[in-house]
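Source file: my_file.tsv. Holds: TSV, C-alpha atoms and all ligand atoms.
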chain	number	residue	atom	x	y	z
A	1047	MET	CA	-5.61	26.73	-23.15
A	1048	PRO	CA	-4.92	23.48	-25.06
A	1049	VAL	CA	-7.88	21.09	-25.11
A	1050	LYS	CA	-7.11	17.93	-23.09
A	1051	ARG	CA	-7.49	14.81	-25.20
A	1052	SER	CA	-10.07	12.44	-23.83
A	1053	THR	CA	-8.38	9.18	-22.82
A	1054	TYR	CA	-10.02	6.09	-21.36
A	1055	ILE	CA	-7.74	3.53	-19.67
A	1056	LEU	CA	-8.79	0.18	-18.21
A	1057	ALA	CA	-6.42	-1.00	-15.46
A	1058	ILE	CA	-5.96	-4.41	-13.84
A	1059	GLU	CA	-4.29	-5.07	-10.46
A	1060	SER	CA	-3.67	-8.68	-9.40
A	1061	SER	CA	-0.35	-8.64	-7.53
A	1062	CYS	CA	-1.52	-10.28	-4.30
A	1063	ASP	CA	-4.95	-11.32	-3.04
A	1064	ASP	CA	-7.24	-8.60	-4.42
A	1065	THR	CA	-8.56	-8.71	-7.98
A	1066	SER	CA	-9.19	-5.12	-8.95
A	1067	VAL	CA	-10.18	-3.41	-12.19
A	1068	ALA	CA	-10.65	0.33	-12.74
A	1069	VAL	CA	-11.63	2.58	-15.62
A	1070	LEU	CA	-10.14	6.08	-15.76
A	1071	HIS	CA	-11.08	9.04	-17.91
A	1072	ASN	CA	-7.83	11.03	-18.06
A	1073	ASP	CA	-6.77	11.39	-14.39
A	1074	SER	CA	-10.26	10.81	-12.96
A	1075	VAL	CA	-11.62	7.49	-11.77
A	1076	LEU	CA	-14.90	6.35	-13.32
A	1077	SER	CA	-14.95	2.96	-11.57
A	1078	ASN	CA	-12.66	1.05	-9.21
A	1079	VAL	CA	-13.94	-2.45	-8.42
A	1080	VAL	CA	-12.07	-4.53	-5.82
A	1081	ALA	CA	-12.89	-8.21	-5.22
A	1082	ASN	CA	-11.30	-9.30	-1.92
A	1083	GLN	CA	-10.38	-12.92	-1.42
A	1084	GLU	CA	-11.87	-13.92	1.93
A	1085	ILE	CA	-10.48	-17.46	1.63
A	1086	HIS	CA	-7.02	-16.52	3.01
A	1087	SER	CA	-8.20	-15.37	6.45
A	1088	GLN	CA	-8.73	-18.95	7.63
A	1089	TYR	CA	-5.05	-19.73	6.85
A	1090	GLY	CA	-3.66	-16.66	8.66
A	1091	GLY	CA	-1.95	-15.36	5.51
A	1092	VAL	CA	-2.15	-15.30	1.72
A	1093	VAL	CA	-1.89	-18.76	0.11
A	1094	PRO	CA	-0.37	-18.09	-3.35
A	1095	GLU	CA	-1.96	-21.09	-5.09
A	1096	LEU	CA	-5.45	-20.14	-3.85
A	1097	ALA	CA	-4.86	-16.48	-4.76
A	1098	SER	CA	-4.09	-17.19	-8.41
A	1099	ARG	CA	-7.08	-19.53	-8.66
A	1100	ALA	CA	-9.39	-16.87	-7.21
A	1101	HIS	CA	-8.00	-14.22	-9.62
A	1102	GLN	CA	-8.82	-16.60	-12.48
A	1103	GLN	CA	-12.42	-16.84	-11.26
A	1104	ASN	CA	-12.80	-13.11	-10.54
A	1105	ILE	CA	-11.13	-11.47	-13.51
A	1106	VAL	CA	-13.92	-11.72	-16.13
A	1107	PRO	CA	-16.81	-10.57	-13.87
A	1108	VAL	CA	-14.69	-7.79	-12.31
A	1109	VAL	CA	-13.66	-6.40	-15.74
A	1110	HIS	CA	-17.32	-6.52	-16.78
A	1111	GLN	CA	-18.42	-4.74	-13.60
A	1112	ALA	CA	-15.77	-2.02	-13.93
A	1113	LEU	CA	-16.87	-1.23	-17.51
A	1114	THR	CA	-20.56	-1.26	-16.55
A	1115	ARG	CA	-20.04	1.03	-13.55
A	1116	ALA	CA	-17.97	3.41	-15.69
A	1117	GLY	CA	-20.78	3.44	-18.24
A	1118	ILE	CA	-18.51	2.88	-21.22
A	1119	ASP	CA	-18.08	0.20	-23.86
A	1120	LYS	CA	-14.73	-1.60	-24.23
A	1121	LYS	CA	-14.48	-0.22	-27.77
A	1122	GLN	CA	-14.09	3.28	-26.28
A	1123	LEU	CA	-10.87	2.28	-24.43
A	1124	HIS	CA	-7.51	3.74	-25.53
A	1125	GLY	CA	-5.19	1.50	-23.49
A	1126	ILE	CA	-4.97	-1.43	-21.07
A	1127	ALA	CA	-2.71	-1.04	-18.01
A	1128	PHE	CA	-1.75	-3.92	-15.72
A	1129	THR	CA	0.54	-4.66	-12.77
A	1130	GLU	CA	3.81	-6.08	-14.07
A	1131	GLY	CA	5.26	-6.61	-10.54
A	1132	PRO	CA	6.37	-6.91	-7.82
A	1133	GLY	CA	4.03	-9.50	-6.32
A	1134	LEU	CA	3.07	-13.16	-6.36
A	1135	LEU	CA	3.98	-14.62	-9.75
A	1136	GLY	CA	0.87	-16.81	-10.12
A	1137	SER	CA	-1.36	-13.84	-9.30
A	1138	LEU	CA	0.49	-11.42	-11.60
A	1139	LEU	CA	0.30	-13.91	-14.48
A	1140	VAL	CA	-3.52	-13.91	-14.41
A	1141	GLY	CA	-3.74	-10.10	-14.71
A	1142	SER	CA	-0.93	-9.76	-17.24
A	1143	SER	CA	-2.26	-12.54	-19.50
A	1144	PHE	CA	-5.75	-11.07	-19.41
A	1145	ALA	CA	-4.43	-7.56	-20.14
A	1146	LYS	CA	-2.37	-8.79	-23.09
A	1147	SER	CA	-5.32	-10.64	-24.63
A	1148	MET	CA	-7.62	-7.66	-24.17
A	1149	ALA	CA	-5.14	-5.17	-25.66
A	1150	MET	CA	-4.53	-7.52	-28.60
A	1151	ALA	CA	-8.25	-8.12	-29.23
A	1152	LEU	CA	-9.04	-4.37	-29.11
A	1153	ASP	CA	-5.83	-3.44	-30.94
A	1154	ILE	CA	-4.89	-0.77	-28.37
A	1155	PRO	CA	-1.64	-0.14	-26.42
A	1156	LEU	CA	-0.60	-2.36	-23.52
A	1157	ILE	CA	0.94	-0.54	-20.53
A	1158	ALA	CA	2.99	-2.37	-17.86
A	1159	VAL	CA	2.92	-0.71	-14.42
A	1160	ASN	CA	5.19	-1.07	-11.38
A	1161	HIS	CA	2.98	-1.69	-8.33
A	1162	MET	CA	5.20	0.37	-5.99
A	1163	GLN	CA	5.26	3.36	-8.35
A	1164	ALA	CA	1.48	3.05	-8.55
A	1165	HIS	CA	1.03	3.29	-4.76
A	1166	ILE	CA	2.96	6.59	-4.91
A	1167	LEU	CA	1.37	8.04	-8.04
A	1168	ALA	CA	-2.12	7.36	-6.59
A	1169	HIS	CA	-1.68	10.89	-5.19
A	1170	PHE	CA	-2.20	12.19	-8.75
A	1171	ILE	CA	-5.72	10.75	-9.11
A	1172	ASP	CA	-7.77	13.91	-9.44
A	1173	GLU	CA	-10.30	14.19	-6.63
A	1174	GLY	CA	-9.98	17.95	-6.31
A	1175	GLN	CA	-7.28	17.59	-3.61
A	1176	ALA	CA	-3.83	19.21	-3.47
A	1177	MET	CA	-1.26	17.10	-5.35
A	1178	PRO	CA	2.39	16.94	-4.21
A	1179	PRO	CA	4.83	19.10	-6.23
A	1180	PHE	CA	8.16	17.58	-7.39
A	1181	PRO	CA	10.40	16.76	-5.63
A	1182	PHE	CA	8.58	15.15	-2.74
A	1183	LEU	CA	9.22	12.25	-0.37
A	1184	CYS	CA	6.89	9.27	-0.05
A	1185	LEU	CA	6.80	6.75	2.77
A	1186	THR	CA	5.42	3.64	1.08
A	1187	ILE	CA	4.17	1.24	3.72
A	1188	SER	CA	2.40	-2.00	2.82
A	1189	GLY	CA	2.25	-5.70	3.61
A	1190	GLY	CA	5.26	-6.38	1.38
A	1191	HIS	CA	7.25	-3.13	1.38
A	1192	THR	CA	8.55	-0.31	3.53
A	1193	GLN	CA	10.40	2.38	1.61
A	1194	ILE	CA	11.20	6.07	1.67
A	1195	VAL	CA	11.26	7.25	-1.92
A	1196	LYS	CA	12.40	10.56	-3.38
A	1197	ILE	CA	10.18	11.41	-6.35
A	1198	SER	CA	11.70	13.95	-8.75
A	1199	ASP	CA	9.19	13.39	-11.57
A	1200	TYR	CA	6.41	10.91	-12.49
A	1201	PHE	CA	8.96	8.31	-13.58
A	1202	SER	CA	12.05	9.49	-11.78
A	1203	MET	CA	12.08	7.85	-8.35
A	1204	GLU	CA	14.90	6.91	-5.99
A	1205	VAL	CA	14.59	4.64	-2.95
A	1206	ILE	CA	16.58	6.36	-0.18
A	1207	GLY	CA	15.63	4.01	2.66
A	1208	GLU	CA	13.99	0.61	2.99
A	1209	THR	CA	13.42	-2.31	5.29
A	1210	LEU	CA	16.22	-4.79	5.79
A	1211	ASP	CA	13.80	-7.55	6.87
A	1212	ASP	CA	10.02	-7.44	7.56
A	1213	ALA	CA	7.71	-4.86	6.02
A	1214	VAL	CA	5.75	-2.64	8.40
A	1215	GLY	CA	2.46	-4.33	7.39
A	1216	GLU	CA	4.01	-7.66	8.41
A	1217	ALA	CA	5.01	-6.13	11.76
A	1218	PHE	CA	1.35	-5.19	12.30
A	1219	ASP	CA	0.01	-8.54	11.04
A	1220	LYS	CA	2.50	-10.70	12.97
A	1221	SER	CA	1.88	-8.73	16.19
A	1222	ALA	CA	-1.85	-9.24	15.67
A	1223	LYS	CA	-1.27	-12.97	15.22
A	1224	ILE	CA	0.62	-13.11	18.53
A	1225	LEU	CA	-2.46	-11.54	20.14
A	1226	GLY	CA	-4.78	-14.09	18.48
A	1227	LEU	CA	-6.42	-11.51	16.16
A	1228	PRO	CA	-7.65	-12.46	12.63
A	1229	TYR	CA	-5.61	-11.95	9.44
A	1230	PRO	CA	-4.82	-9.34	8.19
A	1231	GLY	CA	-4.43	-7.94	11.69
A	1232	GLY	CA	-3.26	-4.38	10.91
A	1233	PRO	CA	-6.78	-2.88	10.88
A	1234	TYR	CA	-7.63	-4.70	14.18
A	1235	ILE	CA	-4.55	-3.31	15.93
A	1236	ASP	CA	-5.54	0.14	14.65
A	1237	LYS	CA	-9.13	-0.23	15.88
A	1238	TYR	CA	-8.17	-1.39	19.38
A	1239	ALA	CA	-5.23	1.05	19.62
A	1240	GLN	CA	-7.69	3.92	19.53
A	1241	LEU	CA	-9.18	2.68	22.82
A	1242	GLY	CA	-5.91	2.12	24.70
A	1243	ASN	CA	-2.97	3.88	26.35
A	1244	PRO	CA	-0.02	4.17	23.89
A	1245	LYS	CA	2.48	4.55	26.75
A	1246	ALA	CA	1.28	1.49	28.74
A	1247	PHE	CA	4.10	-0.77	27.48
A	1248	VAL	CA	7.47	0.17	26.00
A	1249	PHE	CA	9.03	-1.69	23.06
A	1250	PRO	CA	12.52	-1.03	21.65
A	1251	HIS	CA	13.33	1.00	18.54
A	1252	PRO	CA	15.57	-1.13	16.28
A	1253	LYS	CA	18.91	0.26	15.17
A	1254	THR	CA	20.10	0.20	11.52
A	1255	LYS	CA	23.46	1.08	9.98
A	1256	ASN	CA	21.92	3.46	7.45
A	1257	THR	CA	19.71	5.98	9.31
A	1258	LEU	CA	16.98	5.81	6.67
A	1259	ASP	CA	16.67	1.99	6.62
A	1260	PHE	CA	14.12	0.07	8.70
A	1261	SER	CA	14.18	-3.22	10.60
A	1262	PHE	CA	11.05	-4.74	12.12
A	1263	SER	CA	11.99	-8.36	12.83
A	1264	GLY	CA	13.59	-7.50	16.21
A	1265	LEU	CA	10.49	-5.57	17.28
A	1266	LYS	CA	8.28	-8.54	16.39
A	1267	THR	CA	10.48	-10.85	18.50
A	1268	SER	CA	10.47	-8.50	21.47
A	1269	ILE	CA	6.65	-8.25	21.31
A	1270	LEU	CA	6.44	-12.06	21.13
A	1271	TYR	CA	8.72	-12.59	24.17
A	1272	PHE	CA	6.96	-9.84	26.14
A	1273	VAL	CA	3.48	-11.30	25.49
A	1274	GLN	CA	4.60	-14.89	26.17
A	1275	LYS	CA	6.15	-13.85	29.51
A	1276	LYS	CA	3.11	-11.84	30.59
A	1277	VAL	CA	0.68	-14.60	29.54
A	1278	LYS	CA	2.64	-17.16	31.58
A	1279	GLU	CA	2.64	-14.87	34.64
A	1280	SER	CA	-1.08	-14.14	34.32
A	1281	GLU	CA	-1.90	-17.84	33.97
A	1282	GLU	CA	-0.20	-18.44	37.31
A	1283	THR	CA	-2.56	-15.92	38.95
A	1284	GLY	CA	-5.62	-17.15	37.03
A	1285	THR	CA	-5.96	-14.00	34.88
A	1286	ASP	CA	-5.86	-13.44	31.10
A	1287	PHE	CA	-3.17	-10.87	30.22
A	1288	ILE	CA	-4.10	-10.42	26.56
A	1289	LYS	CA	-7.85	-10.11	27.15
A	1290	GLU	CA	-7.44	-7.67	30.03
A	1291	ASN	CA	-4.83	-5.48	28.27
A	1292	LEU	CA	-5.68	-5.84	24.58
A	1293	TYR	CA	-6.37	-2.13	23.95
A	1294	ASP	CA	-3.21	-1.00	25.78
A	1295	ILE	CA	-1.02	-3.61	24.03
A	1296	CYS	CA	-2.36	-2.57	20.60
A	1297	ALA	CA	-1.97	1.13	21.41
A	1298	SER	CA	1.63	0.56	22.57
A	1299	ILE	CA	2.55	-1.50	19.49
A	1300	GLN	CA	1.02	1.08	17.16
A	1301	HIS	CA	2.69	3.96	19.01
A	1302	THR	CA	6.10	2.23	18.69
A	1303	ILE	CA	5.69	1.52	14.96
A	1304	VAL	CA	4.42	5.04	14.20
A	1305	SER	CA	7.30	6.61	16.19
A	1306	ILE	CA	9.83	4.54	14.21
A	1307	LEU	CA	8.27	5.59	10.89
A	1308	MET	CA	8.11	9.26	11.87
A	1309	ALA	CA	11.73	9.31	13.12
A	1310	LYS	CA	12.91	7.95	9.73
A	1311	LEU	CA	10.75	10.40	7.79
A	1312	LYS	CA	12.09	13.28	9.86
A	1313	ALA	CA	15.67	12.17	9.13
A	1314	ALA	CA	14.88	11.84	5.40
A	1315	SER	CA	13.38	15.33	5.31
A	1316	GLN	CA	16.43	16.76	7.10
A	1317	GLN	CA	18.88	14.94	4.78
A	1318	THR	CA	17.15	15.98	1.56
A	1319	GLY	CA	15.74	19.36	2.60
A	1320	ILE	CA	12.37	18.28	1.20
A	1321	ARG	CA	9.28	19.25	3.17
A	1322	HIS	CA	6.56	17.89	0.89
A	1323	ILE	CA	5.84	14.49	2.42
A	1324	ALA	CA	3.37	11.84	1.24
A	1325	ILE	CA	2.40	8.39	2.51
A	1326	ALA	CA	1.13	5.49	0.43
A	1327	GLY	CA	0.31	1.77	0.63
A	1328	GLY	CA	-2.04	-0.31	2.77
A	1329	VAL	CA	-0.58	0.78	6.13
A	1330	SER	CA	-1.19	4.45	5.27
A	1331	ALA	CA	-4.82	3.70	6.20
A	1332	ASN	CA	-3.58	3.55	9.81
A	1333	SER	CA	-5.11	6.25	12.03
A	1334	GLY	CA	-1.90	6.64	14.09
A	1335	ILE	CA	0.37	7.45	11.12
A	1336	ARG	CA	-2.30	9.75	9.65
A	1337	LYS	CA	-2.52	11.73	12.87
A	1338	ALA	CA	1.27	11.84	13.33
A	1339	LEU	CA	1.65	13.20	9.82
A	1340	ARG	CA	-0.98	15.87	10.37
A	1341	ASP	CA	0.74	16.90	13.62
A	1342	ALA	CA	4.06	17.15	11.74
A	1343	GLU	CA	2.55	19.80	9.46
A	1344	LYS	CA	2.62	22.20	12.39
A	1345	GLU	CA	5.69	20.87	14.18
A	1346	TYR	CA	8.11	20.63	11.24
A	1347	HIS	CA	6.32	22.93	8.76
A	1348	TRP	CA	5.73	20.02	6.36
A	1349	HIS	CA	3.13	19.87	3.63
A	1350	THR	CA	1.66	16.39	3.91
A	1351	TYR	CA	-0.32	14.29	1.44
A	1352	ILE	CA	-2.50	11.48	2.76
A	1353	PRO	CA	-4.35	9.30	0.23
A	1354	LYS	CA	-8.08	8.60	0.31
A	1355	PHE	CA	-8.83	5.27	2.00
A	1356	GLU	CA	-9.81	3.47	-1.20
A	1357	TYR	CA	-6.43	4.32	-2.77
A	1358	THR	CA	-4.31	3.08	0.14
A	1359	THR	CA	-4.76	-0.70	-0.01
A	1360	ASP	CA	-4.25	-2.48	-3.33
A	1361	ASN	CA	-6.56	-1.13	-6.04
A	1362	ALA	CA	-6.58	-0.78	-9.81
A	1363	ALA	CA	-7.25	2.98	-9.85
A	1364	MET	CA	-3.61	3.55	-8.86
A	1365	ILE	CA	-2.50	1.29	-11.74
A	1366	GLY	CA	-4.80	3.32	-14.01
A	1367	ILE	CA	-3.27	6.70	-13.09
A	1368	VAL	CA	0.22	5.39	-13.96
A	1369	GLY	CA	-1.32	3.94	-17.12
A	1370	TYR	CA	-2.64	7.37	-18.01
A	1371	TYR	CA	0.70	9.14	-17.54
A	1372	LYS	CA	2.52	6.37	-19.40
A	1373	PHE	CA	-0.05	6.67	-22.21
A	1374	LEU	CA	0.63	10.41	-22.50
A	1375	SER	CA	4.38	9.77	-22.84
A	1376	LYS	CA	3.84	6.67	-25.06
A	1377	ARG	CA	5.59	4.30	-22.64
A	1378	PHE	CA	3.95	1.19	-24.08
A	1379	SER	CA	4.91	-2.49	-23.78
A	1380	ASP	CA	4.81	-5.13	-26.45
A	1381	LEU	CA	3.24	-8.56	-26.02
A	1382	SER	CA	6.56	-10.10	-24.95
A	1383	VAL	CA	6.37	-8.34	-21.56
A	1384	THR	CA	6.22	-10.81	-18.66
A	1385	ALA	CA	5.04	-10.62	-15.08
A	1386	ARG	CA	7.93	-10.10	-12.64
A	1387	ALA	CA	7.68	-11.18	-9.01
A	1388	ARG	CA	10.68	-9.00	-8.14
A	1389	LEU	CA	10.66	-5.59	-9.72
A	1390	LYS	CA	12.46	-2.53	-8.40
A	1391	ILE	CA	11.14	1.03	-8.61
B	1	LIG	O1	-0.80	-2.22	0.13
B	1	LIG	P1	-1.51	-3.42	0.65
B	1	LIG	O2	-3.02	-3.49	0.45
B	1	LIG	O3	-0.94	-4.73	0.07
B	1	LIG	C1	0.39	-4.94	-0.20
B	1	LIG	O4	0.84	-4.51	-1.31
B	1	LIG	O5	1.05	-5.48	0.71
B	1	LIG	O6	-1.18	-3.50	2.23
B	1	LIG	C2	-1.71	-4.49	3.07
B	1	LIG	C3	-1.19	-4.28	4.49
B	1	LIG	C4	-1.53	-5.41	5.46
B	1	LIG	O7	-0.37	-5.76	6.16
B	1	LIG	C5	-2.57	-4.78	6.40
B	1	LIG	O8	-2.58	-5.33	7.69
B	1	LIG	C6	-2.11	-3.35	6.41
B	1	LIG	O9	-1.77	-3.08	5.07
B	1	LIG	N1	-3.16	-2.41	6.87
B	1	LIG	C7	-3.08	-1.73	8.04
B	1	LIG	C8	-4.27	-0.97	8.14
B	1	LIG	N2	-5.04	-1.22	7.02
B	1	LIG	C9	-4.33	-2.10	6.26
B	1	LIG	N3	-2.11	-1.69	8.98
B	1	LIG	C10	-2.31	-0.89	10.04
B	1	LIG	N4	-3.44	-0.13	10.21
B	1	LIG	C11	-4.43	-0.14	9.29
B	1	LIG	N5	-5.51	0.61	9.46
B	2	ZN	ZN	0.36	-2.85	-2.49
Is it possible to express this structure as structure tokens?
Amino acid sequence: MPVKRSTYILAIESSCDDTSVAVLHNDSVLSNVVANQEIHSQYGGVVPELASRAHQQNIVPVVHQALTRAGIDKKQLHGIAFTEGPGLLGSLLVGSSFAKSMAMALDIPLIAVNHMQAHILAHFIDEGQAMPPFPFLCLTISGGHTQIVKISDYFSMEVIGETLDDAVGEAFDKSAKILGLPYPGGPYIDKYAQLGNPKAFVFPHPKTKNTLDFSFSGLKTSILYFVQKKVKESEETGTDFIKENLYDICASIQHTIVSILMAKLKAASQQTGIRHIAIAGGVSANSGIRKALRDAEKEYHWHTYIPKFEYTTDNAAMIGIVGYYKFLSKRFSDLSVTARARLKI
């Protein structure tokens, strides 16, 4: 058997409001430090200007911590990977500028990584789990994206369905806002949904021209109108509709969103004939979609791949695994590479 070369990659993720740095040894994670930016919760959403400022403050200590936890010196590194896009430009610029300077100072390759590819390839971080064989389908669900992607090889990916308006994470977060829950509200909806009746209230499934595309803005509006109407009625009788029905409302919203996602995945599997199905992105932490996917193993004879919690929301380990595979195939960038707010898979 050929001896695997020992490769150390440092990876930086700064596309939104988390500053994260990881160190990988080949396809294994030695450290994965994530500094969350609490500041945004009081504004009910990410404030781009504050995010880039916080990245600027976090980046040096987080890089230091990642190296210390990994137990290696920066001189042992073989490459620096960073998120090129998509994301908030001011945030991306902090990570990309730091990565360029570090690669230049250490005289090692610089590797630009697509954030959406990284969410998918996080499944190849070696934790002793089964990895999806090519080709497989991935439902990438996050605060900014909702896509069904056909993955034929590490760097051969095709988006076969995507949202025409809001991302599924936004649907969760905006619904949570309507209910007066803190930002980001997805995890709160998930928590309360587990205590409620998913069939208590019925919300419509949006229609799209292309079967594999998604639309969540209509659902958000129907939830808003439904809650406003019920709140008004309850006020007239001196009751509090949201407080008294919070668990059932959350369970019904989550049930609707999960049913929409599963219907699209089922159609994608039928259209492509692919039965190896993965999920990725922040919303893949959701207990409802995880359970639905596990149930589908039996019902549709799928093989499903669900990422570990720490690799669902934004993290640098997923940037590092792409960095590793790009390093192996010498897909390096030169110092002229720039951060790109809009970047397709
Ligand atoms: O991938 P991610 O960390 O950032 C983006 O690239 O957008 O995803 C963040 C999104 C947020 O909308 C958050 O509410 C949602 O993931 N999220 C969840 C859960 N955990 C995170 N949504 C539903 N249920 C969860 N358990
Ligand atoms: Zn993300």
Protein and nucleic acid residues near (-2.8, -14.6, -9.0) (cut-off 7 Å, all atoms listed in the file) as a VMD selection string: chain A and resid 1060 to 1062 1097 to 1099 1101 1134 to 1140
To one decimal place in Å, what is the distance between CA of Arg1321 in chain A and CA of Ile1166 in chain A?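 According to the coordinates, CA of Arg1321 in chain A and CA of Ile1166 in chain A are separated by 16.3 Å.
Minimum atom-to-atom distances from A:Tyr1357, A:Tyr1370, A:Tyr1351, A:Phe1144 to ligand ZN 2 (chain B) were compared using only C-alpha atoms and all ligand atoms, and the lowest value belongs to A:Tyr1357.
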Which one is closest to ligand ZN 2 (chain B): A:Val1329, A:Ala1149, A:Val1273, A:Leu1123? Count only C-alpha atoms and all ligand atoms.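 Ranked by minimum distance to ligand ZN 2 (chain B), first place goes to A:Val1329.
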Write out as a VMD selection string each polymer residue (protein, DNA or RNA) that has an atom no more than 9 Å from ligand LIG 1 (chain B), with only C-alpha atoms and all ligand atoms counted. chain A and resid 1061 to 1064 1132 to 1133 1161 to 1162 1165 1186 to 1191 1213 to 1220 1222 1229 to 1237 1300 1326 to 1335 1358 to 1361
Could you check how far CA of Ala1309 in chain A sits from CA of Phe1180 in chain A, in Å to one decimal?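 One can read the CA of Ala1309 in chain A to CA of Phe1180 in chain A distance as 22.4 Å.
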Surrounding residues of Gln1088 in chain A excluding itself and chain neighbours under 4 positions, 10 Å, all atoms listed in the file, as a list in words: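 Within the cut-off, the hits are Glu1084, Val1092, Pro1228 and Tyr1229 of chain A.
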Can you pull out the residues contacting Arg1051 in chain A? Cut-off 12 Å, using all atoms listed in the file, and skip same-chain residues under 4 positions away; I want them as a VMD selection string. chain A and resid 1071 to 1073 1124 1370 1373 to 1374
Residues at most 10 Å from Met1150 in chain A, counting all atoms listed in the file, excluding those fewer than 5 positions away in the same chain, as a list in words?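 With the cut-off at 10 Å, the set is Ile1126, Phe1144, Ala1145, Pro1155, Leu1156, Asp1380 and Leu1381 of chain A.
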How many Å lie between CA of Ala1338 in chain A and CA of Ser1305 in chain A, rounded to one decimal? 8.5 Å
Take the point (-2.3, 14.3, -9.5) in the file's coordinates, draw a sphere of radius 12 Å around it, and report as a PyMOL selection string every protein, DNA or RNA residue with an atom inside or on it, counting all atoms listed in the file. chain A and resi 1072-1075+1164+1166-1180+1199-1200+1351+1353+1364+1367-1368+1370-1371
Taking all atoms of range 1115-1123 of chain A that the file lists, what box with edges along x, y and z, padded by 3 Å per side, do you get, with centre and edge lengths in Å to one decimal, as lines of an AutoDock Vina configuration file?
center_x = -15.8
center_y = 0.9
center_z = -20.7
size_x = 15.9
size_y = 11.0
size_z = 20.2
If we count only C-alpha atoms and set the cut-off at 8 Å, which residues sit around Lys1266 in chain A, ignoring sequence neighbours fewer than 3 positions away in its own chain? Please answer as a JSON list (two decimals) with C-alpha atoms, in the frame of the given file.
[["chain", "number", "residue", "atom", "x", "y", "z"],
["A", 1217, "ALA", "CA", 5.01, -6.13, 11.76],
["A", 1220, "LYS", "CA", 2.50, -10.70, 12.97],
["A", 1221, "SER", "CA", 1.88, -8.73, 16.19],
["A", 1262, "PHE", "CA", 11.05, -4.74, 12.12],
["A", 1263, "SER", "CA", 11.99, -8.36, 12.83],
["A", 1269, "ILE", "CA", 6.65, -8.25, 21.31],
["A", 1270, "LEU", "CA", 6.44, -12.06, 21.13]]
Restricting to only C-alpha atoms, whichever of A:Gln1083, A:Thr1318, A:Tyr1293, A:Lys1312 is closest to Glu1343 in chain A is A:Lys1312
